[in-house]
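**Student:** As input, take entry.tsv (TSV, C-alpha atoms (C1' of nucleotides)):
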chain	number	residue	atom	x	y	z
A	1	MET	CA	-1.41	-41.37	23.14
A	2	PRO	CA	0.21	-41.27	26.57
A	3	PHE	CA	-1.41	-39.75	29.63
A	4	ALA	CA	-4.50	-41.93	29.21
A	5	ASN	CA	-4.18	-42.59	32.91
A	6	THR	CA	-4.69	-38.93	33.76
A	7	GLU	CA	-8.22	-39.32	32.52
A	8	ILE	CA	-11.18	-39.54	34.92
A	9	PRO	CA	-13.82	-41.81	33.36
A	10	GLY	CA	-16.96	-39.87	32.57
A	11	ARG	CA	-15.18	-36.53	32.75
A	12	PHE	CA	-16.52	-35.34	29.40
A	13	GLN	CA	-20.04	-36.27	30.37
A	14	ALA	CA	-19.73	-34.40	33.67
A	15	LEU	CA	-18.27	-31.30	32.01
A	16	LEU	CA	-20.98	-31.24	29.36
A	17	ALA	CA	-23.72	-31.73	31.98
A	18	GLU	CA	-22.33	-28.78	33.92
A	19	ARG	CA	-22.80	-26.69	30.84
A	20	GLY	CA	-26.36	-27.85	30.29
A	21	VAL	CA	-25.63	-29.97	27.23
A	22	ARG	CA	-28.20	-32.68	26.64
A	23	MET	CA	-26.84	-36.19	27.09
A	24	THR	CA	-27.90	-39.02	24.80
A	25	GLY	CA	-26.98	-42.66	24.41
A	26	GLN	CA	-25.17	-41.94	21.16
A	27	ARG	CA	-23.14	-39.16	22.71
A	28	ARG	CA	-22.25	-41.32	25.68
A	29	ALA	CA	-20.96	-44.00	23.32
A	30	ILE	CA	-18.86	-41.51	21.35
A	31	LEU	CA	-17.49	-39.75	24.44
A	32	ASN	CA	-16.56	-43.09	25.87
A	33	VAL	CA	-14.62	-44.03	22.75
A	34	VAL	CA	-12.71	-40.74	22.73
A	35	GLU	CA	-12.04	-40.81	26.48
A	36	THR	CA	-10.66	-44.31	26.52
A	37	ALA	CA	-8.71	-44.18	23.25
A	38	LYS	CA	-5.08	-45.14	23.66
A	39	LYS	CA	-4.12	-43.75	20.28
A	40	HIS	CA	-5.25	-40.97	17.95
A	41	LEU	CA	-8.44	-41.91	16.15
A	42	ASP	CA	-10.05	-40.42	13.09
A	43	ALA	CA	-13.80	-39.95	12.67
A	44	GLY	CA	-14.23	-43.25	10.85
A	45	GLN	CA	-12.47	-45.21	13.57
A	46	ILE	CA	-14.50	-43.45	16.25
A	47	LEU	CA	-17.68	-44.34	14.37
A	48	ARG	CA	-16.72	-48.02	14.11
A	49	ARG	CA	-15.91	-48.24	17.80
A	50	ALA	CA	-19.02	-46.38	18.90
A	51	ARG	CA	-21.15	-48.72	16.79
A	52	LYS	CA	-19.99	-51.66	18.89
A	53	HIS	CA	-22.04	-50.14	21.69
A	54	ASP	CA	-24.87	-48.84	19.54
A	55	PRO	CA	-24.92	-50.12	15.94
A	56	SER	CA	-27.47	-47.54	14.81
A	57	ILE	CA	-25.12	-44.56	15.25
A	58	ASP	CA	-24.69	-42.54	12.08
A	59	ARG	CA	-21.61	-40.86	10.67
A	60	SER	CA	-23.22	-37.45	10.90
A	61	THR	CA	-23.79	-37.91	14.63
A	62	VAL	CA	-20.11	-38.61	15.11
A	63	TYR	CA	-19.13	-35.46	13.23
A	64	ARG	CA	-21.71	-33.41	15.12
A	65	THR	CA	-20.53	-34.74	18.46
A	66	LEU	CA	-16.88	-34.14	17.62
A	67	GLY	CA	-17.87	-30.58	16.68
A	68	LEU	CA	-19.56	-30.23	20.04
A	69	LEU	CA	-16.48	-31.43	21.88
A	70	LYS	CA	-14.30	-29.07	19.86
A	71	ARG	CA	-16.54	-26.10	20.60
A	72	HIS	CA	-16.38	-26.92	24.30
A	73	GLY	CA	-12.63	-27.19	24.13
A	74	LEU	CA	-12.55	-30.80	25.29
A	75	ILE	CA	-10.72	-32.21	22.29
A	76	ASP	CA	-8.09	-31.10	19.81
A	77	GLU	CA	-8.20	-31.79	16.12
A	78	LEU	CA	-4.90	-32.87	14.57
A	79	ASP	CA	-3.62	-33.42	11.06
A	80	LEU	CA	-0.63	-35.60	12.03
A	81	MET	CA	1.12	-34.57	8.82
A	82	HIS	CA	-1.74	-36.14	6.84
A	83	LEU	CA	-0.01	-39.50	7.21
A	84	GLU	CA	-2.80	-41.35	5.50
A	85	GLY	CA	-5.34	-39.41	3.53
A	86	GLU	CA	-6.74	-36.10	4.65
A	87	ALA	CA	-8.64	-37.29	7.70
A	88	HIS	CA	-8.39	-35.47	11.00
A	89	TYR	CA	-7.41	-37.12	14.23
A	90	TYR	CA	-8.79	-36.34	17.65
A	91	GLU	CA	-7.38	-36.40	21.15
A	92	ARG	CA	-8.47	-35.25	24.59
A	93	LYS	CA	-7.29	-31.76	25.33
A	94	LEU	CA	-4.79	-31.67	28.17
A	95	ASN	CA	-3.62	-28.86	30.41
A	96	ARG	CA	-0.30	-28.76	28.60
A	97	ASP	CA	0.29	-28.35	24.88
A	98	HIS	CA	2.41	-31.02	23.32
A	99	ILE	CA	4.24	-31.60	20.11
A	100	HIS	CA	3.37	-34.42	17.73
A	101	LEU	CA	6.07	-36.26	15.83
A	102	ALA	CA	4.96	-38.53	13.00
A	103	CYS	CA	7.34	-41.06	11.49
A	104	LEU	CA	7.04	-40.76	7.73
A	105	ARG	CA	8.12	-44.36	7.23
A	106	CYS	CA	6.30	-46.45	9.88
A	107	GLY	CA	3.55	-44.05	10.90
A	108	ARG	CA	4.49	-44.10	14.58
A	109	ILE	CA	3.30	-41.07	16.55
A	110	THR	CA	5.35	-39.69	19.43
A	111	GLU	CA	4.30	-36.91	21.77
A	112	PHE	CA	6.68	-34.52	23.41
A	113	VAL	CA	6.29	-31.85	26.06
A	114	SER	CA	8.88	-29.09	26.24
A	115	ASP	CA	9.50	-25.99	28.30
A	116	LEU	CA	11.28	-24.57	25.32
A	117	PHE	CA	8.00	-24.79	23.42
A	118	GLU	CA	6.30	-22.80	26.17
A	119	SER	CA	9.04	-20.16	25.99
A	120	LEU	CA	8.70	-20.00	22.24
A	121	LYS	CA	4.97	-19.35	22.56
A	122	GLY	CA	5.77	-16.60	25.06
A	123	GLN	CA	8.27	-15.05	22.67
A	124	ILE	CA	5.74	-15.15	19.84
A	125	GLU	CA	3.00	-13.50	21.91
A	126	LYS	CA	5.38	-10.77	22.95
A	127	GLU	CA	7.04	-10.12	19.59
A	128	CYS	CA	4.07	-10.60	17.27
A	129	GLY	CA	1.44	-9.16	19.56
A	130	TYR	CA	-0.92	-12.05	18.94
A	131	ARG	CA	-2.98	-13.63	21.69
A	132	ILE	CA	-2.45	-17.37	21.10
A	133	ALA	CA	-5.52	-19.61	21.17
A	134	VAL	CA	-4.13	-22.82	19.65
A	135	ALA	CA	-0.53	-23.75	18.98
A	136	ARG	CA	0.02	-26.81	16.90
A	137	LEU	CA	3.53	-28.08	16.23
A	138	GLU	CA	3.60	-31.14	14.02
A	139	ILE	CA	6.80	-32.72	12.87
A	140	GLY	CA	7.33	-35.23	10.11
A	141	GLY	CA	10.53	-37.21	10.22
A	142	TYR	CA	12.09	-40.58	10.88
A	143	CYS	CA	11.84	-42.29	14.24
A	144	PRO	CA	14.83	-43.97	15.93
A	145	LYS	CA	13.96	-47.33	14.33
A	146	CYS	CA	13.39	-45.96	10.85
A	147	ARG	CA	16.02	-43.35	10.35
A	148	THR	CA	18.84	-44.77	8.29
B	1	MET	CA	4.05	-13.63	2.38
B	2	PRO	CA	7.21	-11.64	3.04
B	3	PHE	CA	10.56	-12.38	1.43
B	4	ALA	CA	9.06	-12.19	-2.06
B	5	ASN	CA	12.02	-10.02	-2.89
B	6	THR	CA	14.45	-12.84	-2.11
B	7	GLU	CA	13.02	-14.61	-5.12
B	8	ILE	CA	14.92	-14.83	-8.40
B	9	PRO	CA	12.41	-14.84	-11.26
B	10	GLY	CA	12.50	-18.14	-13.10
B	11	ARG	CA	14.29	-19.91	-10.28
B	12	PHE	CA	11.82	-22.80	-10.22
B	13	GLN	CA	12.13	-23.27	-13.94
B	14	ALA	CA	15.93	-23.30	-13.72
B	15	LEU	CA	15.96	-25.76	-10.84
B	16	LEU	CA	13.57	-28.11	-12.59
B	17	ALA	CA	15.53	-27.89	-15.85
B	18	GLU	CA	18.69	-28.82	-13.93
B	19	ARG	CA	16.94	-31.95	-12.80
B	20	GLY	CA	15.78	-32.85	-16.29
B	21	VAL	CA	12.12	-32.07	-15.74
B	22	ARG	CA	10.23	-31.30	-18.91
B	23	MET	CA	9.03	-27.73	-19.17
B	24	THR	CA	5.66	-26.87	-20.68
B	25	GLY	CA	3.62	-23.74	-21.14
B	26	GLN	CA	1.16	-24.80	-18.47
B	27	ARG	CA	3.92	-25.47	-15.97
B	28	ARG	CA	5.55	-22.15	-16.73
B	29	ALA	CA	2.25	-20.39	-16.04
B	30	ILE	CA	1.75	-22.22	-12.74
B	31	LEU	CA	5.35	-21.74	-11.58
B	32	ASN	CA	5.09	-18.08	-12.38
B	33	VAL	CA	1.96	-17.72	-10.26
B	34	VAL	CA	3.55	-19.48	-7.30
B	35	GLU	CA	6.84	-17.61	-7.61
B	36	THR	CA	5.29	-14.17	-7.77
B	37	ALA	CA	2.53	-14.71	-5.19
B	38	LYS	CA	2.59	-12.14	-2.42
B	39	LYS	CA	0.28	-14.19	-0.19
B	40	HIS	CA	-0.50	-17.82	0.43
B	41	LEU	CA	-2.65	-19.25	-2.34
B	42	ASP	CA	-4.71	-22.42	-2.45
B	43	ALA	CA	-4.99	-24.65	-5.50
B	44	GLY	CA	-8.17	-22.96	-6.72
B	45	GLN	CA	-6.61	-19.51	-6.58
B	46	ILE	CA	-3.50	-20.74	-8.36
B	47	LEU	CA	-5.70	-22.24	-11.08
B	48	ARG	CA	-7.61	-19.01	-11.56
B	49	ARG	CA	-4.44	-16.95	-11.83
B	50	ALA	CA	-2.70	-19.41	-14.15
B	51	ARG	CA	-5.75	-19.37	-16.42
B	52	LYS	CA	-5.23	-15.66	-17.03
B	53	HIS	CA	-2.12	-16.66	-18.97
B	54	ASP	CA	-3.50	-19.85	-20.44
B	55	PRO	CA	-7.27	-20.32	-20.13
B	56	SER	CA	-7.14	-23.98	-21.10
B	57	ILE	CA	-5.27	-25.12	-17.98
B	58	ASP	CA	-7.11	-27.79	-16.05
B	59	ARG	CA	-7.46	-28.32	-12.32
B	60	SER	CA	-5.70	-31.64	-12.51
B	61	THR	CA	-2.67	-30.03	-14.09
B	62	VAL	CA	-2.44	-27.59	-11.21
B	63	TYR	CA	-2.58	-30.42	-8.68
B	64	ARG	CA	-0.05	-32.46	-10.61
B	65	THR	CA	2.32	-29.51	-10.90
B	66	LEU	CA	1.99	-28.67	-7.22
B	67	GLY	CA	2.78	-32.31	-6.48
B	68	LEU	CA	5.86	-32.02	-8.69
B	69	LEU	CA	7.04	-28.93	-6.85
B	70	LYS	CA	6.42	-30.62	-3.50
B	71	ARG	CA	8.39	-33.71	-4.53
B	72	HIS	CA	11.27	-31.49	-5.60
B	73	GLY	CA	11.13	-29.65	-2.30
B	74	LEU	CA	10.47	-26.28	-3.92
B	75	ILE	CA	7.23	-25.52	-2.11
B	76	ASP	CA	5.66	-26.20	1.25
B	77	GLU	CA	2.08	-27.19	1.79
B	78	LEU	CA	0.32	-25.46	4.67
B	79	ASP	CA	-2.99	-25.86	6.46
B	80	LEU	CA	-3.03	-22.39	8.02
B	81	MET	CA	-5.32	-23.70	10.76
B	82	HIS	CA	-7.92	-24.55	8.11
B	83	LEU	CA	-9.09	-20.94	8.25
B	84	GLU	CA	-11.58	-21.46	5.47
B	85	GLY	CA	-12.50	-24.96	4.44
B	86	GLU	CA	-9.98	-27.74	4.22
B	87	ALA	CA	-7.93	-26.45	1.31
B	88	HIS	CA	-4.16	-26.44	1.44
B	89	TYR	CA	-2.05	-23.37	0.88
B	90	TYR	CA	1.29	-23.23	-0.87
B	91	GLU	CA	4.39	-21.14	-0.47
B	92	ARG	CA	7.92	-21.15	-1.84
B	93	LYS	CA	10.24	-23.09	0.40
B	94	LEU	CA	12.89	-20.94	1.99
B	95	ASN	CA	16.20	-21.71	3.60
B	96	ARG	CA	14.80	-21.02	7.04
B	97	ASP	CA	11.70	-22.59	8.63
B	98	HIS	CA	9.18	-20.11	9.84
B	99	ILE	CA	6.11	-20.09	12.01
B	100	HIS	CA	2.67	-19.18	10.70
B	101	LEU	CA	0.24	-17.24	12.82
B	102	ALA	CA	-3.36	-17.07	11.64
B	103	CYS	CA	-5.80	-14.57	13.11
B	104	LEU	CA	-9.01	-16.44	13.85
B	105	ARG	CA	-11.08	-13.29	13.51
B	106	CYS	CA	-9.74	-11.41	10.46
B	107	GLY	CA	-7.80	-14.17	8.72
B	108	ARG	CA	-4.56	-12.23	8.65
B	109	ILE	CA	-1.44	-14.40	8.32
B	110	THR	CA	1.81	-13.42	9.98
B	111	GLU	CA	5.13	-15.17	9.59
B	112	PHE	CA	7.78	-15.34	12.25
B	113	VAL	CA	11.34	-16.61	12.32
B	114	SER	CA	12.85	-17.55	15.67
B	115	ASP	CA	16.13	-18.93	16.95
B	116	LEU	CA	14.19	-20.43	19.80
B	117	PHE	CA	12.30	-22.49	17.24
B	118	GLU	CA	15.59	-23.77	15.87
B	119	SER	CA	16.73	-24.69	19.38
B	120	LEU	CA	13.44	-26.46	20.03
B	121	LYS	CA	13.92	-28.56	16.90
B	122	GLY	CA	17.41	-29.40	18.11
B	123	GLN	CA	16.08	-30.43	21.50
B	124	ILE	CA	13.43	-32.62	19.88
B	125	GLU	CA	15.93	-34.38	17.61
B	126	LYS	CA	18.18	-35.05	20.57
B	127	GLU	CA	15.56	-36.12	23.09
B	128	CYS	CA	13.18	-38.03	20.81
B	129	GLY	CA	15.79	-39.48	18.51
B	130	TYR	CA	13.82	-38.50	15.43
B	131	ARG	CA	15.48	-37.12	12.31
B	132	ILE	CA	13.26	-34.15	11.44
B	133	ALA	CA	12.20	-33.74	7.82
B	134	VAL	CA	9.42	-31.14	8.13
B	135	ALA	CA	8.53	-29.01	11.13
B	136	ARG	CA	5.29	-27.14	10.91
B	137	LEU	CA	4.27	-24.78	13.68
B	138	GLU	CA	0.90	-23.18	13.08
B	139	ILE	CA	-0.73	-20.90	15.58
B	140	GLY	CA	-4.32	-19.76	15.72
B	141	GLY	CA	-5.03	-16.67	17.75
B	142	TYR	CA	-5.94	-13.01	17.65
B	143	CYS	CA	-3.77	-10.43	15.97
B	144	PRO	CA	-2.96	-7.06	17.55
B	145	LYS	CA	-5.95	-5.41	15.85
B	146	CYS	CA	-8.43	-8.15	16.72
B	147	ARG	CA	-7.58	-9.21	20.22
B	148	THR	CA	-10.01	-7.54	22.60
C	1	DT	C1'	13.72	-30.49	-40.58
C	2	DA	C1'	11.21	-34.65	-39.94
C	3	DT	C1'	10.72	-38.59	-36.81
C	4	DT	C1'	10.21	-40.87	-32.75
C	5	DC	C1'	9.82	-41.56	-27.97
C	6	DT	C1'	8.14	-40.47	-23.72
C	7	DG	C1'	6.28	-37.46	-20.47
C	8	DT	C1'	2.24	-34.21	-20.06
C	9	DT	C1'	-2.44	-32.50	-20.67
C	10	DG	C1'	-7.58	-32.02	-20.63
C	11	DC	C1'	-11.45	-34.32	-19.77
C	12	DA	C1'	-14.75	-36.80	-17.23
C	13	DA	C1'	-15.65	-39.80	-13.86
C	14	DC	C1'	-14.64	-40.78	-9.35
C	15	DT	C1'	-12.95	-40.97	-4.29
C	16	DC	C1'	-13.33	-39.63	0.27
C	17	DG	C1'	-13.94	-36.80	4.31
C	18	DA	C1'	-17.24	-33.95	5.89
C	19	DT	C1'	-21.82	-31.20	5.93
C	20	DT	C1'	-26.79	-30.28	5.58
C	21	DG	C1'	-32.07	-30.32	5.32
C	22	DC	C1'	-35.62	-32.58	7.17
C	23	DA	C1'	-38.96	-35.56	9.41
C	24	DA	C1'	-39.03	-38.61	13.29
C	25	DC	C1'	-37.64	-39.00	17.78
C	26	DA	C1'	-36.10	-38.64	22.72
C	27	DA	C1'	-34.04	-35.76	26.73
C	28	DC	C1'	-35.23	-32.94	30.19
C	29	DC	C1'	-38.37	-29.73	32.72
C	30	DT	C1'	-42.61	-29.11	35.11
D	1	DA	C1'	-47.67	-38.04	31.69
D	2	DG	C1'	-47.16	-33.84	28.45
D	3	DG	C1'	-44.84	-30.39	25.88
D	4	DT	C1'	-40.83	-28.15	24.30
D	5	DT	C1'	-36.64	-28.14	22.19
D	6	DG	C1'	-32.52	-30.20	21.03
D	7	DT	C1'	-30.83	-34.53	18.71
D	8	DT	C1'	-30.78	-38.32	15.43
D	9	DG	C1'	-30.72	-41.15	11.06
D	10	DC	C1'	-31.12	-40.86	6.49
D	11	DA	C1'	-30.12	-39.48	2.01
D	12	DA	C1'	-28.52	-36.13	-0.71
D	13	DT	C1'	-24.85	-33.07	-1.31
D	14	DC	C1'	-20.38	-30.53	-1.09
D	15	DG	C1'	-15.71	-29.60	-2.18
D	16	DA	C1'	-10.89	-30.76	-2.42
D	17	DG	C1'	-8.23	-33.76	-4.60
D	18	DT	C1'	-7.20	-38.03	-7.68
D	19	DT	C1'	-7.21	-41.17	-11.63
D	20	DG	C1'	-7.56	-43.60	-16.30
D	21	DC	C1'	-7.18	-42.66	-20.77
D	22	DA	C1'	-6.73	-40.92	-25.40
D	23	DA	C1'	-4.76	-36.97	-27.58
D	24	DC	C1'	-0.91	-34.16	-27.58
D	25	DA	C1'	3.69	-31.78	-27.34
D	26	DG	C1'	8.64	-31.43	-25.46
D	27	DA	C1'	13.01	-32.79	-26.50
D	28	DA	C1'	16.31	-36.01	-28.22
D	29	DT	C1'	17.59	-38.42	-32.51
D	30	DA	C1'	18.47	-39.15	-37.10
Go ahead and render the structure in this file as structure tokens.

**Tutor:**
Amino acid sequence: MPFANTEIPGRFQALLAERGVRMTGQRRAILNVVETAKKHLDAGQILRRARKHDPSIDRSTVYRTLGLLKRHGLIDELDLMHLEGEAHYYERKLNRDHIHLACLRCGRITEFVSDLFESLKGQIEKECGYRIAVARLEIGGYCPKCRT
Amino acid sequence: MPFANTEIPGRFQALLAERGVRMTGQRRAILNVVETAKKHLDAGQILRRARKHDPSIDRSTVYRTLGLLKRHGLIDELDLMHLEGEAHYYERKLNRDHIHLACLRCGRITEFVSDLFESLKGQIEKECGYRIAVARLEIGGYCPKCRT
DNA sequence: TATTCTGTTGCAACTCGATTGCAACAACCT
DNA sequence: AGGTTGTTGCAATCGAGTTGCAACAGAATA
């Protein structure tokens, strides 16, 4: 997950406070994990990391907190081509949509930003008449090292 | 699901026979459901429809047959933005990739084919060095009737 | 047509990610 | 500090999908 450096530490906490969301130790631990993640994590991985700070945290709290972050538009939920199992992956939402490429052989994830993608979304809004809320382009394929 | 008219009845059965895949009554029933579907169906809906022809068909047979069709590249598996639950949806694979738009209010699904999408895939292959196997663009938004 | 081989099926048990009801608890406001 | 209300841990539960296995049925062979 690139762009980790664009992240202001404690940004999630500040944004949630602004909106009058109650802050707890468990939430702080989970937000911290998601904010500082350098790769896409699933709920189980987030739970394990959060428990290093607070071992009493429960699975359900992780799911509820991820739901909270989703509802507030702070994170995106990804499938990443269901590379392993059916779990969802989470990442901080950024100003710009990006494409996810998943290598079907080695599992490597690459992100890609493209003006063409923005134009395509524009074309779709115009021609289909939809107002786009989320656009998720996920590609499965073979990365430079793995393609034969 | 448009393009239903581009479908030759019994095409799946012919293609599987060509490849030496054993044909059974249960498979025929399931293939028939998938081939004649006018909208995207999930595994449960496919099971219910197939059971109208052969009430003894089991869930596991549906999943195994869908897996067979996936492995042979005859169908695509879609998430459709997880509109209801986490089930997957299936559709016949066509020559041309298309984009799925899901209305987050009324659940309507619209399909869209775009040259720009093809160009975008070309750009991605060139700039990321990936060989693309599957490209899935799913959009959640509000359709002309539902956007306020 | 009968025989055999091998892939397929139904069944039941199970996996795994995710959700929920509820009593205990802890933020936050005053 | 006290009271209100949102949050938590726990355990039970859900629902999609998978698996092991014995019985079975295509399809090739004799």

**Student:** To one decimal in Å, tell me the separation between atom CA of Ser114 of chain B and atom CA of Glu138 of chain B.

**Tutor:**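 It comes out at 13.5 Å.
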
**Student:** Applying 7 Å and all atoms listed in the file, which residues near Ala102 of chain B remain after dropping the ones on its own chain fewer than 2 positions away? List them as a PyMOL selection string.

**Tutor:** chain B and resi 80-81+100+104+107-110+139-141

**Student:** Show me which bits of chain B are within 8 Å of chain D, counting all atoms listed in the file, as a PDB file with C-alpha atoms, in the coordinates of the input.

**Tutor:**
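Below is the file that was written, out-v3.pdb:
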ATOM      1  CA  ARG B  22      10.230 -31.300 -18.910  1.00  0.00           C
ATOM      2  CA  MET B  23       9.030 -27.730 -19.170  1.00  0.00           C
ATOM      3  CA  THR B  24       5.660 -26.870 -20.680  1.00  0.00           C
ATOM      4  CA  TYR B  63      -2.580 -30.420  -8.680  1.00  0.00           C
ATOM      5  CA  GLU B  86      -9.980 -27.740   4.220  1.00  0.00           C
ATOM      6  CA  ALA B  87      -7.930 -26.450   1.310  1.00  0.00           C
TER       7      ALA B  87
END

**Student:** Any idea what the distance is between atom CA of Asp79 of chain B and atom CA of Asp76 of chain A?

**Tutor:**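 Atom CA of Asp79 of chain B sits 15.2 Å away from atom CA of Asp76 of chain A.
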
**Student:** Draw an axis-aligned box over all listed atoms of segment 7-12 of chain D, pad each side with 3 Å, and write its centre and edge lengths in Å, one decimal, as JSON.

**Tutor:**
{"center_x": -29.8, "center_y": -37.8, "center_z": 9.0, "size_x": 8.6, "size_y": 12.6, "size_z": 25.4}

**Student:** To one decimal place in Å, what is the distance between atom CA of Tyr142 of chain B and atom CA of Ile132 of chain A?

**Tutor:** 6.6 Å

**Student:** Which residues of chain A are close to chain B, meaning at most 7 Å apart when you count all atoms listed in the file, and how do they look as a list in words?

**Tutor:**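 That gives the following set of residues: Leu116, Phe117, Leu120, Gly129, Tyr130, Arg131, Ile132, Ala133, Val134, Ala135, Arg136, Leu137, Glu138, Ile139, Gly140, Gly141, Tyr142, Cys143, Pro144 and Arg147 of chain A.
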
**Student:** Atoms to include: C-alpha atoms. Write the selected residues as an mmCIF file, in the frame of the given file.

**Tutor:**
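The new file result_7.cif reads:
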data_model
loop_
_atom_site.group_PDB
_atom_site.id
_atom_site.type_symbol
_atom_site.label_atom_id
_atom_site.label_comp_id
_atom_site.auth_asym_id
_atom_site.auth_seq_id
_atom_site.Cartn_x
_atom_site.Cartn_y
_atom_site.Cartn_z
ATOM 1 C CA LEU A 116 11.280 -24.570 25.320
ATOM 2 C CA PHE A 117 8.000 -24.790 23.420
ATOM 3 C CA LEU A 120 8.700 -20.000 22.240
ATOM 4 C CA GLY A 129 1.440 -9.160 19.560
ATOM 5 C CA TYR A 130 -0.920 -12.050 18.940
ATOM 6 C CA ARG A 131 -2.980 -13.630 21.690
ATOM 7 C CA ILE A 132 -2.450 -17.370 21.100
ATOM 8 C CA ALA A 133 -5.520 -19.610 21.170
ATOM 9 C CA VAL A 134 -4.130 -22.820 19.650
ATOM 10 C CA ALA A 135 -0.530 -23.750 18.980
ATOM 11 C CA ARG A 136 0.020 -26.810 16.900
ATOM 12 C CA LEU A 137 3.530 -28.080 16.230
ATOM 13 C CA GLU A 138 3.600 -31.140 14.020
ATOM 14 C CA ILE A 139 6.800 -32.720 12.870
ATOM 15 C CA GLY A 140 7.330 -35.230 10.110
ATOM 16 C CA GLY A 141 10.530 -37.210 10.220
ATOM 17 C CA TYR A 142 12.090 -40.580 10.880
ATOM 18 C CA CYS A 143 11.840 -42.290 14.240
ATOM 19 C CA PRO A 144 14.830 -43.970 15.930
ATOM 20 C CA ARG A 147 16.020 -43.350 10.350
#

**Student:** Per residue of chain A within 12 Å of chain C, what are the shortest atom pair and its distance in Å to one decimal, counting all atoms listed in the file, with rows by chain and residue number, as JSON lines?

**Tutor:**
{"residue": "A:Ala17", "atom": "CA", "partner": "C:DC28", "partner_atom": "C1'", "distance": 11.7}
{"residue": "A:Gly20", "atom": "CA", "partner": "C:DC28", "partner_atom": "C1'", "distance": 10.2}
{"residue": "A:Val21", "atom": "CA", "partner": "C:DA27", "partner_atom": "C1'", "distance": 10.2}
{"residue": "A:Arg22", "atom": "CA", "partner": "C:DA27", "partner_atom": "C1'", "distance": 6.6}
{"residue": "A:Met23", "atom": "CA", "partner": "C:DA27", "partner_atom": "C1'", "distance": 7.2}
{"residue": "A:Thr24", "atom": "CA", "partner": "C:DA27", "partner_atom": "C1'", "distance": 7.2}
{"residue": "A:Gly25", "atom": "CA", "partner": "C:DA26", "partner_atom": "C1'", "distance": 10.1}
{"residue": "A:Gln26", "atom": "CA", "partner": "C:DA26", "partner_atom": "C1'", "distance": 11.5}
{"residue": "A:Asp42", "atom": "CA", "partner": "C:DG17", "partner_atom": "C1'", "distance": 10.3}
{"residue": "A:Ala43", "atom": "CA", "partner": "C:DG17", "partner_atom": "C1'", "distance": 8.9}
{"residue": "A:Gly44", "atom": "CA", "partner": "C:DG17", "partner_atom": "C1'", "distance": 9.2}
{"residue": "A:Arg59", "atom": "CA", "partner": "C:DA18", "partner_atom": "C1'", "distance": 9.5}
{"residue": "A:Ser60", "atom": "CA", "partner": "C:DT19", "partner_atom": "C1'", "distance": 8.1}
{"residue": "A:Thr61", "atom": "CA", "partner": "C:DT19", "partner_atom": "C1'", "distance": 11.2}
{"residue": "A:Val62", "atom": "CA", "partner": "C:DA18", "partner_atom": "C1'", "distance": 10.7}
{"residue": "A:Tyr63", "atom": "CA", "partner": "C:DA18", "partner_atom": "C1'", "distance": 7.7}
{"residue": "A:Arg64", "atom": "CA", "partner": "C:DT19", "partner_atom": "C1'", "distance": 9.5}
{"residue": "A:Leu66", "atom": "CA", "partner": "C:DA18", "partner_atom": "C1'", "distance": 11.7}
{"residue": "A:Gly67", "atom": "CA", "partner": "C:DA18", "partner_atom": "C1'", "distance": 11.3}
{"residue": "A:Glu84", "atom": "CA", "partner": "C:DC16", "partner_atom": "C1'", "distance": 11.9}
{"residue": "A:Gly85", "atom": "CA", "partner": "C:DC16", "partner_atom": "C1'", "distance": 8.6}
{"residue": "A:Glu86", "atom": "CA", "partner": "C:DG17", "partner_atom": "C1'", "distance": 7.2}
{"residue": "A:Ala87", "atom": "CA", "partner": "C:DG17", "partner_atom": "C1'", "distance": 6.3}
{"residue": "A:His88", "atom": "CA", "partner": "C:DG17", "partner_atom": "C1'", "distance": 8.8}
{"residue": "A:Tyr89", "atom": "CA", "partner": "C:DG17", "partner_atom": "C1'", "distance": 11.9}

**Student:** May I have the protein, DNA and RNA residues with any atom at most 12 Å from the point (-6.7, -20.6, -17.7), counting only C-alpha atoms (C1' of nucleotides), written as an NGL selection string?

**Tutor:** (:B and (25-27 or 29-30 or 33 or 44-59 or 61-62)) or (:C and (10))
